[in-house]
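Visitor: Structure: work-v4.cif, mmCIF, C-alpha atoms; chains and numbers go by the auth columns.
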data_model
loop_
_atom_site.group_PDB
_atom_site.id
_atom_site.type_symbol
_atom_site.label_atom_id
_atom_site.label_comp_id
_atom_site.label_asym_id
_atom_site.label_seq_id
_atom_site.Cartn_x
_atom_site.Cartn_y
_atom_site.Cartn_z
_atom_site.B_iso_or_equiv
_atom_site.auth_seq_id
_atom_site.auth_asym_id
ATOM 1 C CA MET A 1 56.044 -67.438 33.908 0.00 20 A
ATOM 2 C CA SER A 2 53.520 -65.891 31.509 0.00 21 A
ATOM 3 C CA GLN A 3 51.064 -65.550 34.415 0.00 22 A
ATOM 4 C CA THR A 4 53.689 -63.612 36.347 0.00 23 A
ATOM 5 C CA LEU A 5 54.390 -61.357 33.384 0.00 24 A
ATOM 6 C CA ASP A 6 50.670 -60.676 32.870 0.00 25 A
ATOM 7 C CA GLN A 7 50.161 -59.920 36.565 0.00 26 A
ATOM 8 C CA TYR A 8 53.294 -57.763 36.661 0.00 27 A
ATOM 9 C CA ASN A 9 52.239 -55.775 33.602 0.00 28 A
ATOM 10 C CA HIS A 10 48.764 -55.240 35.078 0.00 29 A
ATOM 11 C CA VAL A 11 50.226 -53.825 38.313 0.00 30 A
ATOM 12 C CA ILE A 12 52.652 -51.567 36.440 0.00 31 A
ATOM 13 C CA GLN A 13 49.823 -50.303 34.213 0.00 32 A
ATOM 14 C CA THR A 14 47.765 -49.436 37.305 0.00 33 A
ATOM 15 C CA CYS A 15 50.746 -47.528 38.732 0.00 34 A
ATOM 16 C CA ARG A 16 51.433 -45.814 35.409 0.00 35 A
ATOM 17 C CA ASP A 17 47.797 -44.716 35.132 0.00 36 A
ATOM 18 C CA LEU A 18 48.034 -42.998 38.522 0.00 37 A
ATOM 19 C CA PHE A 19 51.430 -41.495 37.615 0.00 38 A
ATOM 20 C CA GLU A 20 49.902 -40.087 34.411 0.00 39 A
ATOM 21 C CA LYS A 21 46.939 -38.580 36.275 0.00 40 A
ATOM 22 C CA LYS A 22 49.255 -36.954 38.809 0.00 41 A
ATOM 23 C CA LEU A 23 51.328 -35.567 35.928 0.00 42 A
ATOM 24 C CA ALA A 24 48.140 -33.936 34.633 0.00 43 A
ATOM 25 C CA ASP A 25 47.471 -32.440 38.083 0.00 44 A
ATOM 26 C CA TYR A 26 50.991 -31.402 39.094 0.00 45 A
ATOM 27 C CA GLY A 27 53.203 -31.585 36.029 0.00 46 A
ATOM 28 C CA ALA A 28 56.697 -32.947 36.566 0.00 47 A
ATOM 29 C CA ALA A 29 57.268 -31.052 39.832 0.00 48 A
ATOM 30 C CA TRP A 30 58.955 -34.200 41.173 0.00 49 A
ATOM 31 C CA ARG A 31 61.948 -33.459 38.904 0.00 50 A
ATOM 32 C CA ILE A 32 63.278 -31.074 41.584 0.00 51 A
ATOM 33 C CA LEU A 33 63.455 -33.825 44.224 0.00 52 A
ATOM 34 C CA ARG A 34 66.895 -35.019 45.216 0.00 53 A
ATOM 35 C CA LEU A 35 67.448 -38.742 45.754 0.00 54 A
ATOM 36 C CA PRO A 36 67.422 -38.565 49.575 0.00 55 A
ATOM 37 C CA SER A 37 64.021 -36.840 49.408 0.00 56 A
ATOM 38 C CA LEU A 38 62.638 -39.617 47.206 0.00 57 A
ATOM 39 C CA THR A 39 64.187 -42.236 49.472 0.00 58 A
ATOM 40 C CA ASP A 40 62.478 -40.610 52.446 0.00 59 A
ATOM 41 C CA GLN A 41 59.121 -40.581 50.642 0.00 60 A
ATOM 42 C CA ILE A 42 59.458 -44.303 49.936 0.00 61 A
ATOM 43 C CA TYR A 43 60.487 -44.883 53.550 0.00 62 A
ATOM 44 C CA ILE A 44 57.355 -43.114 54.822 0.00 63 A
ATOM 45 C CA LYS A 45 55.185 -45.311 52.593 0.00 64 A
ATOM 46 C CA ALA A 46 56.943 -48.517 53.705 0.00 65 A
ATOM 47 C CA GLN A 47 56.636 -47.561 57.380 0.00 66 A
ATOM 48 C CA ARG A 48 52.933 -46.841 56.849 0.00 67 A
ATOM 49 C CA ILE A 49 52.473 -50.299 55.334 0.00 68 A
ATOM 50 C CA ARG A 50 54.258 -51.881 58.271 0.00 69 A
ATOM 51 C CA SER A 51 52.026 -49.944 60.649 0.00 70 A
ATOM 52 C CA ILE A 52 48.911 -51.159 58.796 0.00 71 A
ATOM 53 C CA GLN A 53 50.216 -54.724 58.978 0.00 72 A
ATOM 54 C CA GLN A 54 51.061 -54.605 62.691 0.00 73 A
ATOM 55 C CA LYS A 55 48.243 -52.643 64.287 0.00 74 A
ATOM 56 C CA VAL A 56 44.509 -52.994 64.611 0.00 75 A
ATOM 57 C CA GLN A 57 43.368 -50.014 62.577 0.00 76 A
ATOM 58 C CA LYS A 58 40.851 -47.481 63.885 0.00 77 A
ATOM 59 C CA ILE A 59 40.219 -46.523 60.278 0.00 78 A
ATOM 60 C CA GLN A 60 40.224 -49.498 57.952 0.00 79 A
ATOM 61 C CA GLU A 61 42.537 -49.033 55.002 0.00 80 A
ATOM 62 C CA ASP A 62 44.707 -51.308 52.993 0.00 81 A
ATOM 63 C CA ALA A 63 48.314 -51.109 51.969 0.00 82 A
ATOM 64 C CA ALA A 64 47.758 -51.264 48.200 0.00 83 A
ATOM 65 C CA SER A 65 47.903 -47.509 47.617 0.00 84 A
ATOM 66 C CA GLU A 66 51.122 -47.289 49.630 0.00 85 A
ATOM 67 C CA PHE A 67 52.740 -50.048 47.536 0.00 86 A
ATOM 68 C CA ILE A 68 51.712 -48.135 44.407 0.00 87 A
ATOM 69 C CA GLY A 69 53.404 -45.068 45.885 0.00 88 A
ATOM 70 C CA ILE A 70 56.578 -47.070 46.518 0.00 89 A
ATOM 71 C CA ILE A 71 56.615 -48.166 42.886 0.00 90 A
ATOM 72 C CA ASN A 72 56.043 -44.683 41.487 0.00 91 A
ATOM 73 C CA TYR A 73 58.529 -42.939 43.790 0.00 92 A
ATOM 74 C CA SER A 74 61.122 -45.631 43.015 0.00 93 A
ATOM 75 C CA VAL A 75 60.632 -45.085 39.286 0.00 94 A
ATOM 76 C CA MET A 76 61.041 -41.334 39.835 0.00 95 A
ATOM 77 C CA ALA A 77 64.252 -42.049 41.747 0.00 96 A
ATOM 78 C CA LEU A 78 65.583 -44.212 38.899 0.00 97 A
ATOM 79 C CA ILE A 79 64.843 -41.368 36.481 0.00 98 A
ATOM 80 C CA GLN A 80 66.515 -38.805 38.746 0.00 99 A
ATOM 81 C CA LEU A 81 69.528 -41.077 39.163 0.00 100 A
ATOM 82 C CA ARG A 82 69.986 -41.254 35.413 0.00 101 A
ATOM 83 C CA GLU A 83 68.846 -37.779 34.335 0.00 102 A
ATOM 84 C CA GLY A 84 69.908 -35.717 37.327 0.00 103 A
ATOM 85 C CA VAL A 85 67.988 -33.281 39.484 0.00 104 A
ATOM 86 C CA VAL A 86 66.817 -29.951 38.076 0.00 105 A
ATOM 87 C CA ASP A 87 65.887 -26.643 39.686 0.00 106 A
ATOM 88 C CA THR A 88 62.585 -26.321 37.831 0.00 107 A
ATOM 89 C CA PRO A 89 60.460 -28.922 36.056 0.00 108 A
ATOM 90 C CA ASP A 90 61.987 -29.438 32.630 0.00 109 A
ATOM 91 C CA ILE A 91 59.886 -32.071 30.880 0.00 110 A
ATOM 92 C CA ASP A 92 56.357 -32.520 29.643 0.00 111 A
ATOM 93 C CA ALA A 93 54.067 -35.449 30.382 0.00 112 A
ATOM 94 C CA GLU A 94 55.023 -37.250 27.180 0.00 113 A
ATOM 95 C CA GLN A 95 58.732 -37.288 28.114 0.00 114 A
ATOM 96 C CA ALA A 96 57.985 -38.241 31.724 0.00 115 A
ATOM 97 C CA LEU A 97 55.864 -41.191 30.579 0.00 116 A
ATOM 98 C CA ALA A 98 58.526 -42.294 28.087 0.00 117 A
ATOM 99 C CA TRP A 99 61.118 -42.330 30.870 0.00 118 A
ATOM 100 C CA TYR A 100 58.639 -44.109 33.162 0.00 119 A
ATOM 101 C CA ASP A 101 58.108 -46.806 30.542 0.00 120 A
ATOM 102 C CA GLU A 102 61.839 -47.177 29.992 0.00 121 A
ATOM 103 C CA MET A 103 62.576 -47.584 33.701 0.00 122 A
ATOM 104 C CA THR A 104 59.732 -50.030 34.281 0.00 123 A
ATOM 105 C CA GLN A 105 60.832 -52.076 31.263 0.00 124 A
ATOM 106 C CA GLN A 106 64.383 -52.343 32.613 0.00 125 A
ATOM 107 C CA THR A 107 63.035 -53.261 36.045 0.00 126 A
ATOM 108 C CA ARG A 108 60.652 -55.842 34.558 0.00 127 A
ATOM 109 C CA ASP A 109 63.571 -57.390 32.626 0.00 128 A
ATOM 110 C CA LEU A 110 65.531 -57.667 35.872 0.00 129 A
ATOM 111 C CA MET A 111 62.531 -59.302 37.545 0.00 130 A
ATOM 112 C CA LEU A 112 62.220 -61.847 34.735 0.00 131 A
ATOM 113 C CA ASP A 113 65.907 -62.777 35.023 0.00 132 A
ATOM 114 C CA LYS A 114 65.756 -63.104 38.814 0.00 133 A
ATOM 115 C CA ASN A 115 62.400 -64.882 38.678 0.00 134 A
ATOM 116 C CA HIS A 116 63.913 -67.435 36.311 0.00 135 A
ATOM 117 C CA ASP A 117 66.888 -67.980 38.616 0.00 136 A
ATOM 118 C CA TYR A 118 64.856 -68.140 41.846 0.00 137 A
ATOM 119 C CA GLY A 119 61.914 -70.122 40.475 0.00 138 A
ATOM 120 C CA GLU A 120 59.174 -67.721 41.576 0.00 139 A
ATOM 121 C CA ALA A 121 60.089 -68.091 45.249 0.00 140 A
ATOM 122 C CA TRP A 122 58.328 -64.774 45.910 0.00 141 A
ATOM 123 C CA ARG A 123 54.975 -66.540 45.493 0.00 142 A
ATOM 124 C CA GLU A 124 55.634 -68.339 48.796 0.00 143 A
ATOM 125 C CA MET A 125 56.563 -65.151 50.619 0.00 144 A
ATOM 126 C CA ARG A 126 54.284 -63.189 52.900 0.00 145 A
ATOM 127 C CA VAL A 127 53.391 -59.589 52.146 0.00 146 A
ATOM 128 C CA GLY A 128 54.918 -58.613 55.492 0.00 147 A
ATOM 129 C CA SER A 129 58.235 -60.137 54.445 0.00 148 A
ATOM 130 C CA LEU A 130 58.171 -58.167 51.200 0.00 149 A
ATOM 131 C CA THR A 131 57.531 -55.024 53.257 0.00 150 A
ATOM 132 C CA ASP A 132 60.500 -55.820 55.480 0.00 151 A
ATOM 133 C CA LEU A 133 62.727 -56.372 52.435 0.00 152 A
ATOM 134 C CA ILE A 134 61.678 -52.978 51.063 0.00 153 A
ATOM 135 C CA LEU A 135 62.549 -51.366 54.400 0.00 154 A
ATOM 136 C CA GLN A 136 65.922 -53.153 54.393 0.00 155 A
ATOM 137 C CA LYS A 137 66.622 -51.888 50.862 0.00 156 A
ATOM 138 C CA LEU A 138 65.735 -48.370 52.007 0.00 157 A
ATOM 139 C CA LEU A 139 68.193 -48.559 54.882 0.00 158 A
ATOM 140 C CA ARG A 140 70.846 -49.754 52.433 0.00 159 A
ATOM 141 C CA VAL A 141 70.083 -46.871 50.071 0.00 160 A
ATOM 142 C CA LYS A 142 70.303 -44.381 52.942 0.00 161 A
ATOM 143 C CA GLN A 143 73.715 -45.768 53.868 0.00 162 A
ATOM 144 C CA ILE A 144 74.909 -45.608 50.263 0.00 163 A
ATOM 145 C CA GLU A 145 73.649 -42.009 50.100 0.00 164 A
ATOM 146 C CA GLU A 146 75.651 -41.253 53.264 0.00 165 A
ATOM 147 C CA ASN A 147 78.674 -42.751 51.472 0.00 166 A
ATOM 148 C CA GLN A 148 78.130 -40.346 48.524 0.00 167 A
ATOM 149 C CA GLY A 149 76.978 -43.239 46.331 0.00 168 A
ATOM 150 C CA LYS A 150 80.116 -45.303 46.751 0.00 169 A
ATOM 151 C CA THR A 151 80.074 -49.004 47.574 0.00 170 A
ATOM 152 C CA LEU A 152 82.954 -51.433 48.015 0.00 171 A
ATOM 153 C CA VAL A 153 81.333 -54.712 46.984 0.00 172 A
ATOM 154 C CA SER A 154 77.590 -54.082 46.960 0.00 173 A
ATOM 155 C CA GLU A 155 75.188 -53.282 44.173 0.00 174 A
ATOM 156 C CA GLY A 156 74.406 -49.624 43.654 0.00 175 A
ATOM 157 C CA ILE A 157 71.431 -47.478 44.475 0.00 176 A
ATOM 158 C CA ASP A 158 69.725 -48.220 41.141 0.00 177 A
ATOM 159 C CA ALA A 159 69.575 -51.967 41.820 0.00 178 A
ATOM 160 C CA ASN A 160 68.049 -51.301 45.237 0.00 179 A
ATOM 161 C CA TYR A 161 65.328 -49.069 43.763 0.00 180 A
ATOM 162 C CA GLN A 162 64.613 -51.731 41.129 0.00 181 A
ATOM 163 C CA ASP A 163 64.323 -54.396 43.834 0.00 182 A
ATOM 164 C CA MET A 164 61.892 -52.171 45.744 0.00 183 A
ATOM 165 C CA VAL A 165 59.728 -51.836 42.640 0.00 184 A
ATOM 166 C CA ASN A 166 59.728 -55.579 42.142 0.00 185 A
ATOM 167 C CA TYR A 167 58.971 -56.390 45.798 0.00 186 A
ATOM 168 C CA ALA A 168 56.101 -53.895 45.776 0.00 187 A
ATOM 169 C CA VAL A 169 54.720 -55.405 42.565 0.00 188 A
ATOM 170 C CA PHE A 170 54.895 -58.874 44.121 0.00 189 A
ATOM 171 C CA ALA A 171 53.079 -57.590 47.220 0.00 190 A
ATOM 172 C CA LEU A 172 50.316 -56.079 45.070 0.00 191 A
ATOM 173 C CA ILE A 173 49.955 -59.338 43.152 0.00 192 A
ATOM 174 C CA HIS A 174 49.574 -61.172 46.487 0.00 193 A
ATOM 175 C CA LEU A 175 47.047 -58.627 47.745 0.00 194 A
ATOM 176 C CA THR A 176 44.893 -58.939 44.636 0.00 195 A
ATOM 177 C CA GLN A 177 44.933 -62.745 44.691 0.00 196 A
ATOM 178 C CA THR A 178 44.029 -63.374 48.310 0.00 197 A
ATOM 179 C CA PRO A 179 43.737 -60.844 51.085 0.00 198 A
ATOM 180 C CA GLN A 180 46.431 -61.630 53.638 0.00 199 A
ATOM 181 C CA LYS A 181 47.425 -60.550 57.063 0.00 200 A
ATOM 182 C CA SER A 182 51.031 -59.503 57.438 0.00 201 A
#
Show the structure stored in the file as structure tokens.
Guide:
Amino acid sequence: MSQTLDQYNHVIQTCRDLFEKKLADYGAAWRILRLPSLTDQIYIKAQRIRSIQQKVQKIQEDAASEFIGIINYSVMALIQLREGVVDTPDIDAEQALAWYDEMTQQTRDLMLDKNHDYGEAWREMRVGSLTDLILQKLLRVKQIEENQGKTLVSEGIDANYQDMVNYAVFALIHLTQTPQKS
């Protein structure tokens, strides 16, 4: 389990580093994005990954940067879900990074609990399956958004975003260990 935690923390640090650099370039402009807009951004990234996995590429590229995007947009969505959407950026980089760290810590804690219960089953999964699970979660989130956030028996939007983060982290761990086909 300590190997998983080390690998997980390494991936999250890589994502956080990019998030911090983009904050320096753009500020917290993402604070104006509504949840459906963030969901759509994640969907575009997941579809791009699926395209990379299914097609012979004319331009060789890998899916790693798209998985990083899924993680960062999902963290933004978790922040927006908790803090609400604003009309103009309202936070500095320090606050944005504090919220980022808080959301990734909560998501990491969830991963550790599930990883304990499932016995690291994700290590036997294919990257393509993780991509499909992310796409399934996105379709669930879109349906929950259509239902104005209400569910009858299912987990909420936040749990789905957290699962997407964790699936994307697992995919990046797989990609850094051994290059795989879908």
Visitor: Compute the distance from (51.6, -38.3, 35.6) to each atom, counting all atoms listed in the file, keep the residues with any atom at most 12 Å away, and return them as an MDAnalysis selection string; use the coordinates of the file.
Guide: chainID A and resid 33:50 91:92 94:95 110:120
Visitor: If the PyMOL selection byres ((chain A and resi 53) around 12) is run on the structure shown, which residues does it catch, given as a ChimeraX atom specification?
Guide: /A:48-52,54-60,92,95-100,102-106,164
Visitor: Once the PyMOL selection byres ((chain A and resi 170-181) around 6) has been evaluated on this model, what residues remain selected, and can you format them as an MDAnalysis selection string?
Guide: chainID A and resid 93 126 156 160 169 182:184
Visitor: One decimal, in Å: what's the spacing between atom CA of A:Lys74 and atom CA of A:Glu143?
Guide: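 Taking atom CA of A:Lys74 as the start and atom CA of A:Glu143 as the end point, the length is 23.3 Å.
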Visitor: Calculate how many Å separate atom CA of A:Leu152 from atom CA of A:Ala190, rounding to one decimal.
Guide: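 Result for atom CA of A:Leu152 versus atom CA of A:Ala190: 11.0 Å, one decimal.
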Visitor: Which value, in Å to one decimal, gives the distance between atom CA of A:Gln32 and atom CA of A:Arg69?
Guide: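 Distance between the two atoms: 24.5 Å.
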